[in-house]
Every structure is written in structure tokens, then in C-alpha cells.
Amino acid sequence: MKLILLGAPGAGKGTQAKRLEEAYGIVQLSTGDMLRAEVASGSDLGKELKAVMEAGNLVTDELIISMISSRVDQDDCAKGYILDGFPRTTAQAEALDSMLEEKGQKLDSVIEMEVDEEVLVGRITGRYTCAKCGQGYHDEFQKPAKEGVCDKCGATEFTRRADDNEETVRSRLVAYREQTAPIASHYDAKGMLKKVDGMADIDEVTSQLKAILG
Ligand code: ADP
Ligand code: ADP
Ligand code: ZN
């Protein structure tokens, strides 16, 4: 199964992708996570990426496309994958079409998670992640059962993203509106676009996604 989760920053793509990974035995391919790994490596490329990401801008299409193209060839993608955070521009969507055609692959679903813009800022500024296993949390909406302890792995260290501050979020939302939102019509025109209500609670969104994916 191969699918795209579309949605603004904070829409819940990562949260749901992790649940779908477990439910369907497919892998989450988050371009944001891949870029953050490059930044963490301290490479020259990482240093360039860090500046772009902290300004809330998008990195170049060429870099992202080559990153994804080699990633989907790896063995763990054989059963399928969830694209989270890609494609993010019309050029990326078109490059993905050609890439899939060349590899003889086909997308099963493109699902847009709809969330009102006012809600997104609060979701992003309250977001944090387990430093050990990557489980996502939220200060208000998704707390661990025991405060300060990860539900999944028991770790007690958590991290917040450098770009999850209000100022950067505003720029990311502008980038989303101007560069990413238009790609929904790219898939709608092919009759592939489905939508879920991303305002619902986390379990309800998962149920809506499973109803579509079967
Ligand atoms: P994205 O990957 O689309 O940027 P995340 O999955 O990281 O979004 O979600 C952003 C934040 O909002 C996280 O802290 C997450 O715990 C929380 N969140 C995700 N889905 C919901 C939801 N349906 N209702 C409330 N909070 C949510
Ligand atoms: P979000 O939680 O906003 O959905 P991501 O983790 O997907 O965030 O992306 C974080 C940052 O990484 C973006 O603001 C952008 O700078 C960069 N990025 C991630 N994916 C892409 C992409 N497909 N094209 C261009 N830039 C990207
Ligand atoms: Zn953990």
C-alpha cells in the first residue's frame, strides 16, 4: 500500500502515519525527519538546511526529490509506504508522478487531513517528541499517561523542534497556503483525492483513515 498524507503543518500527519505503519506494516517516509537527521549530522548540507528550515521556508525540490527517489528503493519500503510531508509543491507532485511511472509503482490513496488554521498554531507550539523512540506528544492534547515518562518506551527525555515556535510557524503556514495547498487539485483532477476531518480527536481520525484504506 502506497499513500500520501496531505495536510498543513500540525494537521496530524506524523501522528497518524505512525499508527498506519503499525496497522498496515508499511513505513512512514517523513521528509522533515530525513532533513532533521541531515541537520543533526552537522554536515555542510545540514548547516544550509538548518537555516532554511528555521526560517520556515521550503528546501529545494531537487534535493527532496532525489532523497525520496533513493529512499523508496530500500528494502523496508517493499510492502509500501506513507509519504508524510512530500510532495509539498506542484513541481514535487509532478516529479513524483514521473518517478512512480519509472519505477512501475502506483499510489493507492491521497488523503488530505483538513484542519482549521487557527488550531494549527496551538498544535505545533505544544508539540514534543520522545527523544528515544520518536513517539509524538502534545502539552494538552496528547499527554503521556505518567507525566514525564514516554508511554511507548519508558524514556524520560523529550525534545522540541527548533522550528516549532510561533514566528516560524507563521511562515510555514504561509508556505503551506501558497506552495502546498494547490497540490490537492493536482490529485483531485486525477480523481484520487480523499479527505478526512483532521479536527476530530486522534482516534477518530485514525478510524476515518482506516475506513478509506480498508
Ligand atoms: P504534522 O505531522 O501534520 O505536522 P503532528 O502529527 O506532529 O502533525 O501533530 C501536531 C501536534 O498535534 C502533535 O503534538 C500531536 O500530538 C497533536 N495532534 C495530532 N493530531 C491531533 C488531533 N486530532 N487532535 C489534537 N491534537 C492532535
Ligand atoms: P510539518 O510538521 O510542518 O509538517 P515537516 O517536518 O514536514 O513539518 O517539515 C519541516 C521543514 O522541513 C519544512 O518547514 C521545510 O523547511 C522542510 N521540508 C520538509 N519536507 C519538505 C518538502 N517536501 N519540500 C521542501 N521542504 C520540506
Ligand atoms: Zn519513547
# chains A, B, ... in the order shown; residues from 1 in each chain; ligands from 1

$ residues_near_ligand --ligand "ligand 3" --cutoff "9 Å" --atoms "only C-alpha atoms and all ligand atoms" --output "ChimeraX atom specification"
/A:129-136,149-158

$ write_last_selection --atoms "all heavy atoms" --output "compact mmCIF listing (two decimals), in the first residue's frame"
# COMPACT_ATOMS: atom_id res chain seq x y z
N THR A 129 8.37 15.44 21.44
CA THR A 129 8.62 14.08 20.98
C THR A 129 9.54 13.36 21.94
O THR A 129 10.44 13.97 22.51
CB THR A 129 9.32 14.17 19.59
OG1 THR A 129 8.52 14.99 18.75
CG2 THR A 129 9.47 12.82 18.94
N CYS A 130 9.32 12.06 22.11
CA CYS A 130 10.24 11.26 22.93
C CYS A 130 11.60 11.24 22.24
O CYS A 130 11.70 10.93 21.06
CB CYS A 130 9.71 9.83 23.07
SG CYS A 130 10.91 8.71 23.83
N ALA A 131 12.65 11.57 23.00
CA ALA A 131 13.99 11.65 22.42
C ALA A 131 14.51 10.27 22.02
O ALA A 131 15.37 10.14 21.15
CB ALA A 131 14.96 12.29 23.41
N LYS A 132 13.96 9.21 22.65
CA LYS A 132 14.49 7.87 22.39
C LYS A 132 13.75 7.16 21.25
O LYS A 132 14.37 6.64 20.35
CB LYS A 132 14.40 7.03 23.67
CG LYS A 132 15.21 5.76 23.62
CD LYS A 132 15.25 5.07 24.98
CE LYS A 132 15.75 3.64 24.83
NZ LYS A 132 15.24 2.82 25.95
N CYS A 133 12.40 7.17 21.29
CA CYS A 133 11.67 6.37 20.30
C CYS A 133 10.91 7.21 19.28
O CYS A 133 10.35 6.67 18.32
CB CYS A 133 10.71 5.40 20.99
SG CYS A 133 9.22 6.18 21.65
N GLY A 134 10.85 8.52 19.48
CA GLY A 134 10.20 9.37 18.48
C GLY A 134 8.69 9.49 18.62
O GLY A 134 8.04 10.15 17.81
N GLN A 135 8.12 8.85 19.65
CA GLN A 135 6.66 8.97 19.87
C GLN A 135 6.31 10.45 20.05
O GLN A 135 6.98 11.17 20.78
CB GLN A 135 6.26 8.14 21.10
CG GLN A 135 4.84 8.34 21.59
CD GLN A 135 3.77 7.88 20.60
OE1 GLN A 135 3.97 6.97 19.81
NE2 GLN A 135 2.62 8.55 20.62
N GLY A 136 5.24 10.89 19.37
CA GLY A 136 4.82 12.29 19.45
C GLY A 136 3.85 12.54 20.59
O GLY A 136 3.04 11.67 20.93
N VAL A 149 7.10 10.57 31.37
CA VAL A 149 7.58 9.23 31.00
C VAL A 149 6.91 8.80 29.69
O VAL A 149 5.68 8.82 29.59
CB VAL A 149 7.24 8.20 32.11
CG1 VAL A 149 7.80 6.82 31.74
CG2 VAL A 149 7.79 8.66 33.46
N CYS A 150 7.72 8.41 28.71
CA CYS A 150 7.14 8.00 27.43
C CYS A 150 6.31 6.72 27.57
O CYS A 150 6.78 5.74 28.13
CB CYS A 150 8.26 7.78 26.40
SG CYS A 150 7.65 7.16 24.82
N ASP A 151 5.07 6.76 27.08
CA ASP A 151 4.18 5.59 27.14
C ASP A 151 4.77 4.39 26.43
O ASP A 151 4.56 3.25 26.81
CB ASP A 151 2.86 5.88 26.40
CG ASP A 151 2.02 6.95 27.09
OD1 ASP A 151 2.22 7.18 28.30
OD2 ASP A 151 1.18 7.56 26.39
N LYS A 152 5.47 4.66 25.35
CA LYS A 152 5.91 3.57 24.47
C LYS A 152 7.18 2.90 24.96
O LYS A 152 7.32 1.70 24.87
CB LYS A 152 6.19 4.14 23.08
CG LYS A 152 5.01 4.00 22.16
CD LYS A 152 5.50 4.01 20.72
CE LYS A 152 4.50 3.40 19.79
NZ LYS A 152 4.84 3.74 18.39
N CYS A 153 8.16 3.71 25.43
CA CYS A 153 9.47 3.11 25.71
C CYS A 153 9.98 3.42 27.11
O CYS A 153 11.05 2.95 27.49
CB CYS A 153 10.49 3.57 24.66
SG CYS A 153 11.06 5.24 24.91
N GLY A 154 9.25 4.23 27.88
CA GLY A 154 9.66 4.49 29.26
C GLY A 154 10.74 5.54 29.42
O GLY A 154 11.16 5.85 30.54
N ALA A 155 11.20 6.12 28.31
CA ALA A 155 12.27 7.13 28.41
C ALA A 155 11.73 8.40 29.09
O ALA A 155 10.51 8.63 29.12
CB ALA A 155 12.81 7.46 27.01
N THR A 156 12.65 9.21 29.62
CA THR A 156 12.20 10.41 30.33
C THR A 156 12.74 11.69 29.70
O THR A 156 12.66 12.76 30.27
CB THR A 156 12.65 10.35 31.80
OG1 THR A 156 14.05 10.10 31.84
CG2 THR A 156 11.93 9.24 32.56
N GLU A 157 13.34 11.54 28.50
CA GLU A 157 13.82 12.74 27.80
C GLU A 157 13.00 13.00 26.56
O GLU A 157 12.69 12.08 25.81
CB GLU A 157 15.30 12.58 27.43
CG GLU A 157 16.18 12.92 28.62
CD GLU A 157 17.64 12.96 28.22
OE1 GLU A 157 17.94 13.59 27.18
OE2 GLU A 157 18.44 12.34 28.94
N PHE A 158 12.68 14.27 26.39
CA PHE A 158 11.84 14.67 25.27
C PHE A 158 12.50 15.83 24.54
O PHE A 158 13.33 16.53 25.11
CB PHE A 158 10.46 15.09 25.80
CG PHE A 158 9.74 13.97 26.50
CD1 PHE A 158 9.94 13.72 27.85
CD2 PHE A 158 8.88 13.13 25.79
CE1 PHE A 158 9.30 12.67 28.50
CE2 PHE A 158 8.24 12.07 26.43
CZ PHE A 158 8.45 11.84 27.79

$ residues_around --residues "A:Gly126" --least-positions-apart "2" --cutoff "7 Å" --atoms "only C-alpha atoms" --output "JSON, numbers by chain"
{"A": [122, 123, 124, 128, 138, 139]}

$ write_last_selection --atoms "all heavy atoms" --output "mmCIF file, in the first residue's frame"
data_model
loop_
_atom_site.group_PDB
_atom_site.id
_atom_site.type_symbol
_atom_site.label_atom_id
_atom_site.label_comp_id
_atom_site.auth_asym_id
_atom_site.auth_seq_id
_atom_site.Cartn_x
_atom_site.Cartn_y
_atom_site.Cartn_z
ATOM 1 N N GLY A 122 -1.566 26.300 17.781
ATOM 2 C CA GLY A 122 -1.580 25.688 19.115
ATOM 3 C C GLY A 122 -1.101 24.245 19.079
ATOM 4 O O GLY A 122 -0.417 23.776 19.993
ATOM 5 N N ARG A 123 -1.433 23.549 18.029
ATOM 6 C CA ARG A 123 -0.966 22.159 17.920
ATOM 7 C C ARG A 123 0.558 22.119 17.800
ATOM 8 O O ARG A 123 1.226 21.287 18.402
ATOM 9 C CB ARG A 123 -1.573 21.488 16.687
ATOM 10 C CG ARG A 123 -3.007 21.068 16.925
ATOM 11 C CD ARG A 123 -3.309 19.887 16.053
ATOM 12 N NE ARG A 123 -4.718 19.559 16.072
ATOM 13 C CZ ARG A 123 -5.288 18.763 15.191
ATOM 14 N NH1 ARG A 123 -4.565 18.254 14.214
ATOM 15 N NH2 ARG A 123 -6.572 18.478 15.284
ATOM 16 N N ILE A 124 1.109 23.034 16.993
ATOM 17 C CA ILE A 124 2.547 22.969 16.728
ATOM 18 C C ILE A 124 3.362 23.487 17.910
ATOM 19 O O ILE A 124 4.384 22.897 18.272
ATOM 20 C CB ILE A 124 2.889 23.762 15.452
ATOM 21 C CG1 ILE A 124 2.234 23.079 14.260
ATOM 22 C CG2 ILE A 124 4.392 23.840 15.258
ATOM 23 C CD1 ILE A 124 2.312 23.885 12.996
ATOM 24 N N TYR A 128 5.743 17.950 21.271
ATOM 25 C CA TYR A 128 7.062 17.463 21.661
ATOM 26 C C TYR A 128 7.142 15.965 21.399
ATOM 27 O O TYR A 128 6.127 15.315 21.131
ATOM 28 C CB TYR A 128 7.411 17.826 23.113
ATOM 29 C CG TYR A 128 6.526 17.222 24.178
ATOM 30 C CD1 TYR A 128 6.915 16.062 24.846
ATOM 31 C CD2 TYR A 128 5.317 17.805 24.539
ATOM 32 C CE1 TYR A 128 6.125 15.510 25.856
ATOM 33 C CE2 TYR A 128 4.515 17.260 25.546
ATOM 34 C CZ TYR A 128 4.925 16.113 26.188
ATOM 35 O OH TYR A 128 4.141 15.567 27.166
ATOM 36 N N HIS A 138 1.678 16.004 22.942
ATOM 37 C CA HIS A 138 1.246 17.397 22.948
ATOM 38 C C HIS A 138 0.977 17.814 24.392
ATOM 39 O O HIS A 138 0.444 17.031 25.173
ATOM 40 C CB HIS A 138 -0.023 17.564 22.096
ATOM 41 C CG HIS A 138 -0.367 19.002 21.869
ATOM 42 N ND1 HIS A 138 -1.025 19.757 22.810
ATOM 43 C CD2 HIS A 138 -0.110 19.817 20.822
ATOM 44 C CE1 HIS A 138 -1.159 20.991 22.342
ATOM 45 N NE2 HIS A 138 -0.617 21.057 21.142
ATOM 46 N N ASP A 139 1.354 19.064 24.717
ATOM 47 C CA ASP A 139 1.183 19.575 26.086
ATOM 48 C C ASP A 139 -0.246 19.412 26.606
ATOM 49 O O ASP A 139 -0.460 19.180 27.789
ATOM 50 C CB ASP A 139 1.554 21.061 26.143
ATOM 51 C CG ASP A 139 3.047 21.292 25.925
ATOM 52 O OD1 ASP A 139 3.845 20.428 26.340
ATOM 53 O OD2 ASP A 139 3.406 22.327 25.328
#

$ residues_around --residues "A:Thr180" --least-positions-apart "3" --cutoff "9 Å" --atoms "only C-alpha atoms" --output "VMD selection string"
chain A and resid 6 to 8 87 to 90 175 to 177 183 to 184

$ residues_near_ligand --ligand "ligand 1" --cutoff "6 Å" --atoms "only C-alpha atoms and all ligand atoms" --output "compact mmCIF listing (two decimals) with C-alpha atoms, in the first residue's frame"
# COMPACT_ATOMS: atom_id res chain seq x y z
CA PRO A 9 1.92 21.70 9.48
CA GLY A 10 0.29 20.36 12.64
CA ALA A 11 -2.59 18.66 10.83
CA GLY A 12 -1.64 15.33 12.43
CA LYS A 13 0.18 13.63 9.54
CA GLY A 14 3.04 12.27 11.64
CA THR A 15 0.73 11.12 14.44
CA ARG A 123 -0.97 22.16 17.92
CA ILE A 124 2.55 22.97 16.73
CA GLY A 126 2.54 22.39 22.08
CA ARG A 127 4.20 19.53 20.20
CA TYR A 128 7.06 17.46 21.66
CA GLY A 136 4.82 12.29 19.45
CA TYR A 137 3.05 14.12 22.27
CA HIS A 138 1.25 17.40 22.95
CA PHE A 141 -3.99 17.08 23.56
CA GLN A 142 -1.75 14.03 23.87
CA GLY A 198 -8.47 16.38 10.96
CA MET A 199 -10.29 18.41 13.66
CA ALA A 200 -11.69 15.22 15.19
CA ASP A 201 -9.85 13.55 18.06
CA ILE A 202 -6.82 11.40 17.28

$ closest_atom_pairs --of "chain A" --to "ligand 2" --cutoff "8 Å" --atoms "only C-alpha atoms and all ligand atoms" --output "Markdown table"
| residue | atom | partner | partner_atom_place_in_ligand_line | distance |
| --- | --- | --- | --- | --- |
| A:Gly7 | CA | ligand 2 | 4 (O) | 7.4 |
| A:Ala8 | CA | ligand 2 | 4 (O) | 6.1 |
| A:Pro9 | CA | ligand 2 | 3 (O) | 3.4 |
| A:Gly10 | CA | ligand 2 | 2 (O) | 5.4 |
| A:Ala11 | CA | ligand 2 | 4 (O) | 7.5 |
| A:Lys13 | CA | ligand 2 | 4 (O) | 7.1 |
| A:Gly14 | CA | ligand 2 | 2 (O) | 7.5 |
| A:Ser30 | CA | ligand 2 | 7 (O) | 6.4 |
| A:Thr31 | CA | ligand 2 | 20 (N) | 4.4 |
| A:Gly32 | CA | ligand 2 | 6 (O) | 3.4 |
| A:Asp33 | CA | ligand 2 | 6 (O) | 5.8 |
| A:Leu35 | CA | ligand 2 | 12 (O) | 6.3 |
| A:Arg36 | CA | ligand 2 | 12 (O) | 7.5 |
| A:Leu49 | CA | ligand 2 | 16 (O) | 7.6 |
| A:Val52 | CA | ligand 2 | 16 (O) | 5.9 |
| A:Met53 | CA | ligand 2 | 16 (O) | 3.8 |
| A:Glu54 | CA | ligand 2 | 16 (O) | 7.2 |
| A:Ala55 | CA | ligand 2 | 16 (O) | 7.7 |
| A:Gly56 | CA | ligand 2 | 14 (O) | 4.9 |
| A:Asn57 | CA | ligand 2 | 16 (O) | 4.8 |
| A:Leu58 | CA | ligand 2 | 26 (N) | 3.7 |
| A:Val59 | CA | ligand 2 | 26 (N) | 4.1 |
| A:Thr60 | CA | ligand 2 | 25 (C) | 5.9 |
| A:Asp61 | CA | ligand 2 | 24 (N) | 6.0 |
| A:Ile64 | CA | ligand 2 | 24 (N) | 5.8 |
| A:Ile65 | CA | ligand 2 | 23 (N) | 8.0 |
| A:Asp84 | CA | ligand 2 | 7 (O) | 6.7 |
| A:Gly85 | CA | ligand 2 | 7 (O) | 4.2 |
| A:Phe86 | CA | ligand 2 | 23 (N) | 4.0 |
| A:Pro87 | CA | ligand 2 | 23 (N) | 5.0 |
| A:Arg88 | CA | ligand 2 | 23 (N) | 4.7 |
| A:Thr89 | CA | ligand 2 | 24 (N) | 7.0 |
| A:Gln92 | CA | ligand 2 | 23 (N) | 7.3 |
| A:Ile124 | CA | ligand 2 | 2 (O) | 7.4 |
| A:Asp163 | CA | ligand 2 | 14 (O) | 7.5 |
| A:Val169 | CA | ligand 2 | 3 (O) | 7.8 |
| A:Arg172 | CA | ligand 2 | 14 (O) | 5.6 |

$ atom_distance --atom1 "atom CA of A:Leu45" --atom2 "atom CA of A:Arg71"
17.8 Å

$ residues_around --residues "stretch 77-80 of chain A" --least-positions-apart "2" --cutoff "7 Å" --atoms "only C-alpha atoms" --output "list in words"
Met1, Lys2, Ile26, Val27, Val72, Asp73, Gln74 and Asp75 of chain A

$ write_last_selection --atoms "C-alpha atoms" --output "PDB file, in the first residue's frame"
ATOM      1  CA  MET A   1       0.000   0.000   0.000  1.00  0.00           C
ATOM      2  CA  LYS A   2       1.336   3.410  -1.012  1.00  0.00           C
ATOM      3  CA  ILE A  26       4.229  -0.082   5.864  1.00  0.00           C
ATOM      4  CA  VAL A  27       6.829   2.622   6.560  1.00  0.00           C
ATOM      5  CA  VAL A  72      11.694   4.210  -1.755  1.00  0.00           C
ATOM      6  CA  ASP A  73      14.172   1.755  -3.321  1.00  0.00           C
ATOM      7  CA  GLN A  74      15.243   0.489   0.101  1.00  0.00           C
ATOM      8  CA  ASP A  75      14.060  -2.956   1.233  1.00  0.00           C
TER       9      ASP A  75
END

$ select_by_dssp --residues "stretch 10-188 of chain A" --states "alpha helix (DSSP H)" --output "VMD selection string"
chain A and resid 13 to 24 31 to 41 44 to 54 61 to 71 90 to 103 117 to 125 166 to 175 183 to 188

$ select_by_dssp --residues "stretch 82-201 of chain A" --states "strand (DSSP E or B)" --output "PyMOL selection string"
chain A and resi 82-84+109-114+127-130+136-138+142+158-159+193-197

$ residues_around --residues "A:Gly214" --least-positions-apart "3" --cutoff "12 Å" --atoms "only C-alpha atoms" --output "NGL selection string"
:A and (1 or 20 or 23-24 or 108-109 or 206-211)

$ atom_distance --atom1 "atom CA of A:Leu5" --atom2 "atom CA of A:Ala17"
7.9 Å

$ decode --residues "stretch 181-192 of chain A" --atoms "all heavy atoms" --output "PDB file, in the first residue's frame"
ATOM      1  N   ALA A 181      -0.885  23.854  -0.567  1.00  0.00           N
ATOM      2  CA  ALA A 181      -2.338  23.654  -0.690  1.00  0.00           C
ATOM      3  C   ALA A 181      -2.777  23.419  -2.148  1.00  0.00           C
ATOM      4  O   ALA A 181      -3.638  22.565  -2.398  1.00  0.00           O
ATOM      5  CB  ALA A 181      -3.087  24.825  -0.050  1.00  0.00           C
ATOM      6  N   PRO A 182      -2.179  24.124  -3.136  1.00  0.00           N
ATOM      7  CA  PRO A 182      -2.616  23.910  -4.517  1.00  0.00           C
ATOM      8  C   PRO A 182      -2.432  22.480  -5.039  1.00  0.00           C
ATOM      9  O   PRO A 182      -3.082  22.110  -6.011  1.00  0.00           O
ATOM     10  CB  PRO A 182      -1.731  24.879  -5.329  1.00  0.00           C
ATOM     11  CG  PRO A 182      -1.311  25.925  -4.357  1.00  0.00           C
ATOM     12  CD  PRO A 182      -1.207  25.234  -3.032  1.00  0.00           C
ATOM     13  N   ILE A 183      -1.578  21.664  -4.416  1.00  0.00           N
ATOM     14  CA  ILE A 183      -1.389  20.331  -4.991  1.00  0.00           C
ATOM     15  C   ILE A 183      -2.571  19.401  -4.734  1.00  0.00           C
ATOM     16  O   ILE A 183      -2.698  18.374  -5.401  1.00  0.00           O
ATOM     17  CB  ILE A 183      -0.065  19.638  -4.577  1.00  0.00           C
ATOM     18  CG1 ILE A 183      -0.060  19.267  -3.115  1.00  0.00           C
ATOM     19  CG2 ILE A 183       1.135  20.481  -4.952  1.00  0.00           C
ATOM     20  CD1 ILE A 183       1.197  18.503  -2.754  1.00  0.00           C
ATOM     21  N   ALA A 184      -3.468  19.789  -3.817  1.00  0.00           N
ATOM     22  CA  ALA A 184      -4.671  18.965  -3.641  1.00  0.00           C
ATOM     23  C   ALA A 184      -5.424  18.878  -4.971  1.00  0.00           C
ATOM     24  O   ALA A 184      -5.912  17.799  -5.341  1.00  0.00           O
ATOM     25  CB  ALA A 184      -5.566  19.547  -2.540  1.00  0.00           C
ATOM     26  N   SER A 185      -5.463  19.983  -5.709  1.00  0.00           N
ATOM     27  CA  SER A 185      -6.185  19.935  -7.005  1.00  0.00           C
ATOM     28  C   SER A 185      -5.478  19.052  -8.035  1.00  0.00           C
ATOM     29  O   SER A 185      -6.125  18.488  -8.907  1.00  0.00           O
ATOM     30  CB  SER A 185      -6.404  21.320  -7.613  1.00  0.00           C
ATOM     31  OG  SER A 185      -5.878  22.319  -6.824  1.00  0.00           O
ATOM     32  N   HIS A 186      -4.153  18.932  -7.905  1.00  0.00           N
ATOM     33  CA  HIS A 186      -3.407  18.034  -8.796  1.00  0.00           C
ATOM     34  C   HIS A 186      -3.975  16.605  -8.681  1.00  0.00           C
ATOM     35  O   HIS A 186      -4.186  15.926  -9.688  1.00  0.00           O
ATOM     36  CB  HIS A 186      -1.924  18.069  -8.401  1.00  0.00           C
ATOM     37  CG  HIS A 186      -1.030  17.149  -9.169  1.00  0.00           C
ATOM     38  ND1 HIS A 186      -0.449  17.503 -10.359  1.00  0.00           N
ATOM     39  CD2 HIS A 186      -0.614  15.876  -8.913  1.00  0.00           C
ATOM     40  CE1 HIS A 186       0.293  16.487 -10.803  1.00  0.00           C
ATOM     41  NE2 HIS A 186       0.212  15.500  -9.945  1.00  0.00           N
ATOM     42  N   TYR A 187      -4.227  16.182  -7.443  1.00  0.00           N
ATOM     43  CA  TYR A 187      -4.745  14.826  -7.235  1.00  0.00           C
ATOM     44  C   TYR A 187      -6.250  14.748  -7.422  1.00  0.00           C
ATOM     45  O   TYR A 187      -6.787  13.723  -7.839  1.00  0.00           O
ATOM     46  CB  TYR A 187      -4.310  14.310  -5.849  1.00  0.00           C
ATOM     47  CG  TYR A 187      -2.812  14.136  -5.798  1.00  0.00           C
ATOM     48  CD1 TYR A 187      -2.005  15.037  -5.116  1.00  0.00           C
ATOM     49  CD2 TYR A 187      -2.198  13.102  -6.503  1.00  0.00           C
ATOM     50  CE1 TYR A 187      -0.618  14.900  -5.110  1.00  0.00           C
ATOM     51  CE2 TYR A 187      -0.815  12.959  -6.512  1.00  0.00           C
ATOM     52  CZ  TYR A 187      -0.029  13.859  -5.817  1.00  0.00           C
ATOM     53  OH  TYR A 187       1.330  13.728  -5.831  1.00  0.00           O
ATOM     54  N   ASP A 188      -6.945  15.848  -7.114  1.00  0.00           N
ATOM     55  CA  ASP A 188      -8.388  15.881  -7.305  1.00  0.00           C
ATOM     56  C   ASP A 188      -8.707  15.710  -8.791  1.00  0.00           C
ATOM     57  O   ASP A 188      -9.612  14.970  -9.176  1.00  0.00           O
ATOM     58  CB  ASP A 188      -8.943  17.219  -6.779  1.00  0.00           C
ATOM     59  CG  ASP A 188     -10.427  17.123  -6.461  1.00  0.00           C
ATOM     60  OD1 ASP A 188     -10.929  15.978  -6.307  1.00  0.00           O
ATOM     61  OD2 ASP A 188     -11.091  18.171  -6.386  1.00  0.00           O
ATOM     62  N   ALA A 189      -7.909  16.382  -9.643  1.00  0.00           N
ATOM     63  CA  ALA A 189      -8.127  16.309 -11.092  1.00  0.00           C
ATOM     64  C   ALA A 189      -7.958  14.882 -11.611  1.00  0.00           C
ATOM     65  O   ALA A 189      -8.546  14.496 -12.615  1.00  0.00           O
ATOM     66  CB  ALA A 189      -7.158  17.243 -11.809  1.00  0.00           C
ATOM     67  N   LYS A 190      -7.158  14.072 -10.901  1.00  0.00           N
ATOM     68  CA  LYS A 190      -6.976  12.670 -11.305  1.00  0.00           C
ATOM     69  C   LYS A 190      -8.015  11.770 -10.635  1.00  0.00           C
ATOM     70  O   LYS A 190      -7.949  10.553 -10.749  1.00  0.00           O
ATOM     71  CB  LYS A 190      -5.596  12.170 -10.849  1.00  0.00           C
ATOM     72  CG  LYS A 190      -4.395  12.817 -11.497  1.00  0.00           C
ATOM     73  CD  LYS A 190      -3.155  12.324 -10.719  1.00  0.00           C
ATOM     74  CE  LYS A 190      -1.853  12.915 -11.179  1.00  0.00           C
ATOM     75  NZ  LYS A 190      -1.290  12.217 -12.342  1.00  0.00           N
ATOM     76  N   GLY A 191      -8.921  12.384  -9.834  1.00  0.00           N
ATOM     77  CA  GLY A 191      -9.944  11.606  -9.138  1.00  0.00           C
ATOM     78  C   GLY A 191      -9.381  10.798  -7.980  1.00  0.00           C
ATOM     79  O   GLY A 191      -9.967   9.813  -7.537  1.00  0.00           O
ATOM     80  N   MET A 192      -8.217  11.213  -7.455  1.00  0.00           N
ATOM     81  CA  MET A 192      -7.560  10.406  -6.413  1.00  0.00           C
ATOM     82  C   MET A 192      -7.719  10.965  -5.005  1.00  0.00           C
ATOM     83  O   MET A 192      -7.347  10.313  -4.034  1.00  0.00           O
ATOM     84  CB  MET A 192      -6.057  10.346  -6.694  1.00  0.00           C
ATOM     85  CG  MET A 192      -5.718   9.512  -7.904  1.00  0.00           C
ATOM     86  SD  MET A 192      -3.938   9.548  -8.189  1.00  0.00           S
ATOM     87  CE  MET A 192      -3.383   8.507  -6.845  1.00  0.00           C
TER      88      MET A 192
END
